[in-house]
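**Q** For reference, the structure I am asking about is given below.
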Amino acid sequence: MAFECQVETEICKDLTDFVESSCEEEQIESNQLSSNPKTEAPSSSGLKQLHSNDVVASFGRSITDLPLALISEILNCLDPKELGIVSCVSTTLYRIASEHQVWKEFYCERWGQPFVQVPLDAGLPDEKSWKELFVEREYRSKTFLGRYSIDVLHGHTEAVRTVFLLASAKLIFTSGYDSVVRMWDLDGLSIASSKTLGCTIRAVAADTKLLVVGGTDGFIHCWRAVEGLQHLFDLKGSEGRNSESRLWEHEGPITSLALDFTRIYSGSWDMTVRVWDRSSLKCIQVLRNGDWVWSLVPHGTTVASSSGSDVYLWDTTNGTVMNVIRNAHVGNTYSLARSHTGDFLFTGGEDGAIQMFEIISDGDETDILQVATWIPHTGPVYSLAFEFPWLVSASSDGKLSLIDVRKLLRASKRNIRKMESRVEDFNKKTIEPPQRMIHGFGCNLFSVDIGADRIVCGGEEGVVRIWNFTQALEIERRARALREMRFENRMRRRQLQRELNGKGGRTDQCSVAAKKNPVNGDRNGVWHSKRGMSGKLQA
């Protein structure tokens, strides 16, 4: 087996040297036996015994005897659960598996880079290993099935069309028909609000450096982060700094926005997706679709856009269409979401269905395969948000659905072992229904976002709701601590019982009970006397 890695030649050299040294030792021993006349030639039984001992010695070797580079490549082929099982085999494998760099890949392919940026060769935030960060985040992701509290944010005077949760800065941005952009903290306290922008705001996107909103008049309004400002953006303009700008090139309402490290992506009802340079704020590319653009999601050098009922996958390096999903939904495809690896695409449409696709790139060809379909809503799905492993949808029926897609996400994490999904690999039995439905809050939920332990949603009511699952996290922590305590007590009792059994301290309880209460003596006497007494009474 050949492993494609940087140290491949070193691994092969180590294995070759190991085999050659073993052969040389055997040749030297045979030459010594043949050249020394005083040495008695071993008999056939002795030779058999010698070979059997060599076989036993060779089979006594373990995986830890392999070169570390080879062990590392073997561990690269495991998923997190399998790697955790391997770490329980021995202390050596526990140390190797716990310190392995693959935990960083596990974390980044699920949730992206941590909020605190860490150089490749630097220490980790709060002195935590990548394994500890992964386990903690995986643990937190399970709380969305637990208890929650709801915070209702009042401030908008009309329907809320868009919400955005910036988890790295612990901020929430909302806007809608009242043309005002509002900024909140995760506890629901209003921090700041902008002046009236003059039209409906249908799209918001932000990171720690830039905030952009899109209006129905066709403009993109931008705020750059102000250095030293606690909440990053000066929405009111009270700081007196020129941090605002406005971009005009779209010829129709802007319906979707997205950011990456170097670019701004905007989609509009003018049937175009425009790509902007973040530093110069100049449009550098125009991608023309076949219908109104409702949503878009970029990843790397590709961007997916929903146009009418179709979904386009674009290559932004040359502006060409890589593939098209025709008639993804009955009616318009309103919403898109994408995994952090970019391999999986989720769509929500006017028919109330949610589709899951896998994007497979093989050289110059790109295939898009349908993986799963859910129909959790009775109305159009206006918004989707994805945070591993949860896909959240908001619909006009006033409900939110939470779908755990962990089992459907196939391993595409390393080039050594790239698994490709096929339609026949999935059937109706493997596709589970939504794990949770949250409803009862009016109708027409227009936008939803998810992050860490909160879900944020806005709709026609003109209020913003925050579902806070930190209570479930604390309850789960207490429950886990109680389970650990009970387990320790149980193991302690078992150890005590084994010590008593070993010392012979346990007495034969049955014999003691037999001496105190003879079976054939008093009991039969009492029984017969009762029968006799009852017979006398009847007489």
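So you can find residues: chains in the structure tokens are A, B, ... in the order shown, residues in each start at 1, and ligands are numbered from 1 in order.
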Write out as a VMD selection string the set of residues from stretch 284-369 of chain A that DSSP, computed on the backbone, places in strand (DSSP E).

**A** chain A and resid 284 to 288 293 to 299 302 to 307 310 to 315 320 to 325 333 to 338 344 to 349 354 to 362 365 to 369

**Q** Counting only C-alpha atoms, what is within 8 Å of A:Ser194, bar same-chain residues fewer than 3 positions away, as a PyMOL selection string?

**A** chain A and resi 180-182+197+235-236

**Q** Which neighbours of stretch 315-317 of chain A fall inside 8 Å, counting only C-alpha atoms, when residues of the same chain fewer than 6 positions from it are skipped, and could you give them as a list in words?

**A**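 Close residues of stretch 315-317 of chain A: Gln285, Thr301, Thr302 and Val303 of chain A.
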
**Q** Those residues you just picked out, can you put them in a file as an mmCIF file, in the first residue's frame with N, CA and C atoms?

**A**
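As a result, result_12.cif now contains:
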data_model
loop_
_atom_site.group_PDB
_atom_site.id
_atom_site.type_symbol
_atom_site.label_atom_id
_atom_site.label_comp_id
_atom_site.auth_asym_id
_atom_site.auth_seq_id
_atom_site.Cartn_x
_atom_site.Cartn_y
_atom_site.Cartn_z
ATOM 1 N N GLN A 285 -16.811 41.420 -11.461
ATOM 2 C CA GLN A 285 -17.379 40.320 -12.239
ATOM 3 C C GLN A 285 -18.898 40.371 -12.192
ATOM 4 N N THR A 301 -13.592 29.366 -4.711
ATOM 5 C CA THR A 301 -13.681 29.989 -6.037
ATOM 6 C C THR A 301 -15.005 29.686 -6.730
ATOM 7 N N THR A 302 -15.994 29.216 -5.984
ATOM 8 C CA THR A 302 -17.306 28.921 -6.553
ATOM 9 C C THR A 302 -18.384 29.687 -5.793
ATOM 10 N N VAL A 303 -19.504 29.914 -6.457
ATOM 11 C CA VAL A 303 -20.661 30.521 -5.820
ATOM 12 C C VAL A 303 -21.902 29.868 -6.415
#

**Q** At a cut-off of 9 Å, using only C-alpha atoms, what residues contact A:Trp184? Leave out same-chain residues fewer than 5 positions from it and give the result as a PyMOL selection string.

**A** chain A and resi 153+170-174+189-193

**Q** How about saving the chosen residues, N, CA and C atoms kept, as a PDB file, in the first residue's frame?

**A**
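After the write, again.pdb holds the following:
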ATOM      1  N   LEU A 153     -37.427  40.580  20.786  1.00  0.00           N
ATOM      2  CA  LEU A 153     -36.810  41.891  20.629  1.00  0.00           C
ATOM      3  C   LEU A 153     -37.765  42.819  19.885  1.00  0.00           C
ATOM      4  N   LYS A 170     -20.481  38.289  18.805  1.00  0.00           N
ATOM      5  CA  LYS A 170     -21.659  38.198  19.671  1.00  0.00           C
ATOM      6  C   LYS A 170     -22.641  39.328  19.370  1.00  0.00           C
ATOM      7  N   LEU A 171     -22.912  39.534  18.071  1.00  0.00           N
ATOM      8  CA  LEU A 171     -23.812  40.588  17.634  1.00  0.00           C
ATOM      9  C   LEU A 171     -24.871  40.027  16.693  1.00  0.00           C
ATOM     10  N   ILE A 172     -26.031  40.696  16.661  1.00  0.00           N
ATOM     11  CA  ILE A 172     -27.127  40.346  15.763  1.00  0.00           C
ATOM     12  C   ILE A 172     -27.512  41.607  14.993  1.00  0.00           C
ATOM     13  N   PHE A 173     -27.667  41.480  13.662  1.00  0.00           N
ATOM     14  CA  PHE A 173     -28.082  42.590  12.809  1.00  0.00           C
ATOM     15  C   PHE A 173     -29.425  42.239  12.169  1.00  0.00           C
ATOM     16  N   THR A 174     -30.365  43.174  12.200  1.00  0.00           N
ATOM     17  CA  THR A 174     -31.702  42.948  11.654  1.00  0.00           C
ATOM     18  C   THR A 174     -32.148  44.172  10.861  1.00  0.00           C
ATOM     19  N   LEU A 189     -30.368  42.923  23.979  1.00  0.00           N
ATOM     20  CA  LEU A 189     -30.313  44.348  24.270  1.00  0.00           C
ATOM     21  C   LEU A 189     -29.972  45.116  23.002  1.00  0.00           C
ATOM     22  N   SER A 190     -30.704  46.191  22.745  1.00  0.00           N
ATOM     23  CA  SER A 190     -30.469  47.017  21.569  1.00  0.00           C
ATOM     24  C   SER A 190     -29.204  47.848  21.780  1.00  0.00           C
ATOM     25  N   ILE A 191     -28.294  47.805  20.809  1.00  0.00           N
ATOM     26  CA  ILE A 191     -27.024  48.525  20.918  1.00  0.00           C
ATOM     27  C   ILE A 191     -27.064  49.817  20.113  1.00  0.00           C
ATOM     28  N   ALA A 192     -27.487  49.708  18.865  1.00  0.00           N
ATOM     29  CA  ALA A 192     -27.511  50.896  18.007  1.00  0.00           C
ATOM     30  C   ALA A 192     -28.452  50.653  16.843  1.00  0.00           C
ATOM     31  N   SER A 193     -28.824  51.731  16.176  1.00  0.00           N
ATOM     32  CA  SER A 193     -29.658  51.639  14.981  1.00  0.00           C
ATOM     33  C   SER A 193     -29.216  52.710  13.996  1.00  0.00           C
TER      34      SER A 193
END

**Q** Give me, please, the distance in Å between atom CA of A:Ser383 and atom CA of A:Leu445, quoted to one decimal.

**A**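 Straight-line distance from atom CA of A:Ser383 to atom CA of A:Leu445 works out to 8.2 Å.
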